[in-house]
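Text of the file input_31.csv, holding CSV, C-alpha atoms:
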chain,number,residue,atom,x,y,z
E,17,MET,CA,0.0,0.0,0.0
E,18,LYS,CA,1.5,3.3,-1.0
E,19,LYS,CA,0.9,6.9,0.0
E,20,LEU,CA,-0.7,6.3,3.4
E,21,ARG,CA,-2.6,9.2,4.8
E,22,ALA,CA,-4.5,9.8,8.0
E,23,CYS,CA,-7.8,11.6,8.4
E,24,VAL,CA,-7.4,14.9,10.3
E,25,CYS,CA,-10.6,14.4,12.2
E,26,CYS,CA,-10.7,10.7,13.2
E,27,ARG,CA,-7.1,9.7,12.4
E,28,LEU,CA,-8.1,6.7,10.2
E,29,VAL,CA,-5.2,5.6,8.1
E,30,LYS,CA,-5.7,4.4,4.6
E,31,GLY,CA,-4.0,4.6,1.2
E,32,GLU,CA,-4.6,7.8,-0.7
E,33,ASP,CA,-6.4,5.8,-3.4
E,34,GLN,CA,-8.6,4.1,-0.8
E,35,PHE,CA,-9.7,7.5,0.5
E,36,VAL,CA,-10.6,8.6,-3.0
E,37,LYS,CA,-12.5,5.4,-3.8
E,38,GLU,CA,-14.3,5.0,-0.4
E,39,GLY,CA,-14.0,8.2,1.5
E,40,CYS,CA,-13.4,8.2,5.2
E,41,ASN,CA,-15.4,5.5,7.0
E,42,ASN,CA,-16.0,7.8,10.0
E,43,CYS,CA,-16.1,11.3,8.5
E,44,GLU,CA,-18.5,11.1,5.6
E,45,PHE,CA,-19.3,14.8,6.0
E,46,PHE,CA,-15.9,15.6,4.4
E,47,GLY,CA,-17.1,14.3,1.1
E,48,MET,CA,-13.7,12.7,0.2
E,49,LYS,CA,-15.2,10.0,-2.0
E,50,ASP,CA,-14.2,10.5,-5.7
E,51,ASP,CA,-12.5,13.8,-4.9
E,52,MET,CA,-8.7,13.8,-4.8
E,53,GLY,CA,-8.5,17.5,-3.9
E,54,ARG,CA,-10.7,16.9,-0.8
E,55,VAL,CA,-8.7,13.9,0.2
E,56,ILE,CA,-5.5,16.0,0.2
E,57,GLN,CA,-7.2,18.7,2.3
E,58,CYS,CA,-8.8,16.4,4.8
E,59,THR,CA,-5.9,13.9,5.3
E,60,SER,CA,-2.2,14.2,6.1
E,61,PRO,CA,0.7,12.0,5.1
E,62,ASN,CA,2.5,13.0,8.3
E,63,PHE,CA,1.5,10.8,11.2
E,64,GLU,CA,3.2,8.6,13.9
E,65,GLY,CA,2.3,5.3,15.3
E,66,LEU,CA,-0.6,3.0,14.5
E,67,ILE,CA,-3.2,1.2,16.5
E,68,ALA,CA,-5.5,-1.5,15.1
E,69,ILE,CA,-9.1,-1.3,16.2
E,70,LEU,CA,-11.0,-4.5,15.5
E,71,ASN,CA,-14.0,-4.3,18.0
E,72,PRO,CA,-14.4,-0.7,19.1
E,73,TYR,CA,-17.0,-1.4,21.8
E,74,ASP,CA,-15.0,-4.1,23.7
E,75,SER,CA,-11.5,-2.7,23.4
E,76,TRP,CA,-9.6,-1.0,26.2
E,77,VAL,CA,-7.6,0.8,23.5
E,78,THR,CA,-10.7,2.5,22.2
E,79,LYS,CA,-11.7,3.5,25.7
E,80,TYR,CA,-8.2,5.0,26.3
E,81,THR,CA,-8.0,6.8,23.0
E,82,GLN,CA,-11.6,7.8,22.9
E,83,ASN,CA,-12.3,6.0,19.6
E,84,ARG,CA,-15.4,3.9,20.7
E,85,ASN,CA,-17.6,5.4,18.0
E,86,PHE,CA,-15.2,4.7,15.2
E,87,LYS,CA,-15.3,1.9,12.6
E,88,PRO,CA,-12.8,-0.9,12.8
E,89,GLY,CA,-9.5,-0.1,11.1
E,90,MET,CA,-5.9,1.3,11.5
E,91,TYR,CA,-5.6,4.6,13.3
E,92,ALA,CA,-2.7,7.0,13.7
E,93,ILE,CA,-1.6,7.9,17.2
E,94,ASP,CA,-0.6,11.4,16.2
E,95,VAL,CA,-1.3,13.4,13.0
E,96,THR,CA,0.6,16.5,12.0
E,97,GLY,CA,-0.5,19.1,9.4
E,98,ASP,CA,-2.3,22.3,8.6
E,99,LEU,CA,-6.0,22.8,8.0
E,100,THR,CA,-7.5,25.1,5.4
E,101,GLU,CA,-10.2,27.5,6.4
E,102,GLU,CA,-12.8,25.5,4.5
E,103,ILE,CA,-12.0,22.4,6.4
E,104,VAL,CA,-12.2,24.2,9.7
E,105,GLU,CA,-15.6,25.5,8.7
E,106,ILE,CA,-16.8,22.0,7.8
E,107,LEU,CA,-15.6,20.7,11.2
E,108,GLU,CA,-17.4,23.5,13.0
E,109,GLU,CA,-20.6,22.9,11.0
E,110,TYR,CA,-20.7,19.3,12.0
E,111,LYS,CA,-19.5,20.0,15.6
E,112,GLN,CA,-16.3,18.0,15.1
E,113,SER,CA,-12.8,18.8,16.0
E,114,ALA,CA,-9.5,18.1,14.3
E,115,ARG,CA,-7.3,15.7,16.0
E,116,ILE,CA,-4.1,17.1,14.5
E,117,SER,CA,-0.9,18.7,15.8
E,118,ASN,CA,0.6,21.7,14.0

Could I get this structure in the form of structure tokens?
Amino acid sequence: MKKLRACVCCRLVKGEDQFVKEGCNNCEFFGMKDDMGRVIQCTSPNFEGLIAILNPYDSWVTKYTQNRNFKPGMYAIDVTGDLTEEIVEILEEYKQSARISN
């Protein structure tokens, strides 16, 4: 898998092409599906560490990382990047917050 990226909101890690093909499993409000430009805006290639979430409701890891409402998958521990004003507005509109370090 090439060009891994992490969602700036939920930190889900997927290949760039997977984000374009499927969008983000948790953050559909970003509208990444079939939109490479949006994928670039809403994800970052700069992340550290990975955790695997298989069963979000029974996992102590999801309780510790506050990921209980997320879909199963691979998640970054830390994501670094910058957000555009448009993405900040989308996050505010959907009452979400970016989980990203600058």

Taking (0.6, 4.7, -1.2) as a centre in this file's frame and 8 Å as the limit, can you find every polymer residue with an atom that close, using only C-alpha atoms, and give them as a CSV table (one decimal) with C-alpha atoms, in the coordinates of the input?
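Result saved to result.csv:
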chain,number,residue,atom,x,y,z
E,17,MET,CA,0.0,0.0,0.0
E,18,LYS,CA,1.5,3.3,-1.0
E,19,LYS,CA,0.9,6.9,0.0
E,20,LEU,CA,-0.7,6.3,3.4
E,31,GLY,CA,-4.0,4.6,1.2
E,32,GLU,CA,-4.6,7.8,-0.7
E,33,ASP,CA,-6.4,5.8,-3.4

_Option closest in space to Gly47 in chain E, from E:Gly97, E:Ile106, E:Ser117, E:Tyr91 [counting all atoms listed in the file]_ =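 So, comparing all the options, the nearest one is E:Ile106.
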
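For the pair CA of Asp51 in chain E and CA of Ala92 in chain E, the separation is 22.1 Å.
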
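In terms of minimum interatomic distance to Tyr110 in chain E, E:Cys25 ranks closest within E:Met90, E:Cys25, E:Ile67, E:Val36, counting all atoms listed in the file.
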
*Looking at E:Arg27, E:Phe86, E:Met52, E:Gln112, which one is nearest to Gly39 in chain E, with distances taken over only C-alpha atoms?*
E:Met52

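When CA of Arg54 in chain E is paired with CA of Leu70 in chain E, their separation reads 26.9 Å.
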
Could you give me, as an mmCIF file with C-alpha atoms, keeping the file's coordinate frame, the residues within 10 Å of Glu64 in chain E, counting all atoms listed in the file and dropping anything in the same chain fewer than 4 positions from it?
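And here is the file that came out, result12.cif:
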data_model
loop_
_atom_site.group_PDB
_atom_site.id
_atom_site.type_symbol
_atom_site.label_atom_id
_atom_site.label_comp_id
_atom_site.auth_asym_id
_atom_site.auth_seq_id
_atom_site.Cartn_x
_atom_site.Cartn_y
_atom_site.Cartn_z
ATOM 1 C CA ALA E 22 -4.500 9.800 8.000
ATOM 2 C CA TYR E 91 -5.600 4.600 13.300
ATOM 3 C CA ALA E 92 -2.700 7.000 13.700
ATOM 4 C CA ILE E 93 -1.600 7.900 17.200
ATOM 5 C CA ASP E 94 -0.600 11.400 16.200
ATOM 6 C CA VAL E 95 -1.300 13.400 13.000
ATOM 7 C CA THR E 96 0.600 16.500 12.000
#

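Taking CA of Asn71 in chain E as the reference point, CA of Gly89 in chain E is found at 9.2 Å.
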
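Taking only C-alpha atoms into account, Asn85 in chain E lies nearest to E:Cys43 out of the set E:Cys43, E:Val29, E:Phe35, E:Pro61.
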
_Of the listed residues E:Ser113, E:Tyr80, E:Asn118, E:Glu102, that which approaches Cys26 in chain E most closely, counting all atoms listed in the file_ =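 The answer is E:Ser113, which sits nearest to Cys26 in chain E.
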
*Using all atoms listed in the file, which residues sit within 7 Å of Val24 in chain E once same-chain residues fewer than 5 positions away are excluded, as a PyMOL selection string?*
chain E and resi 58-60+95+114-116
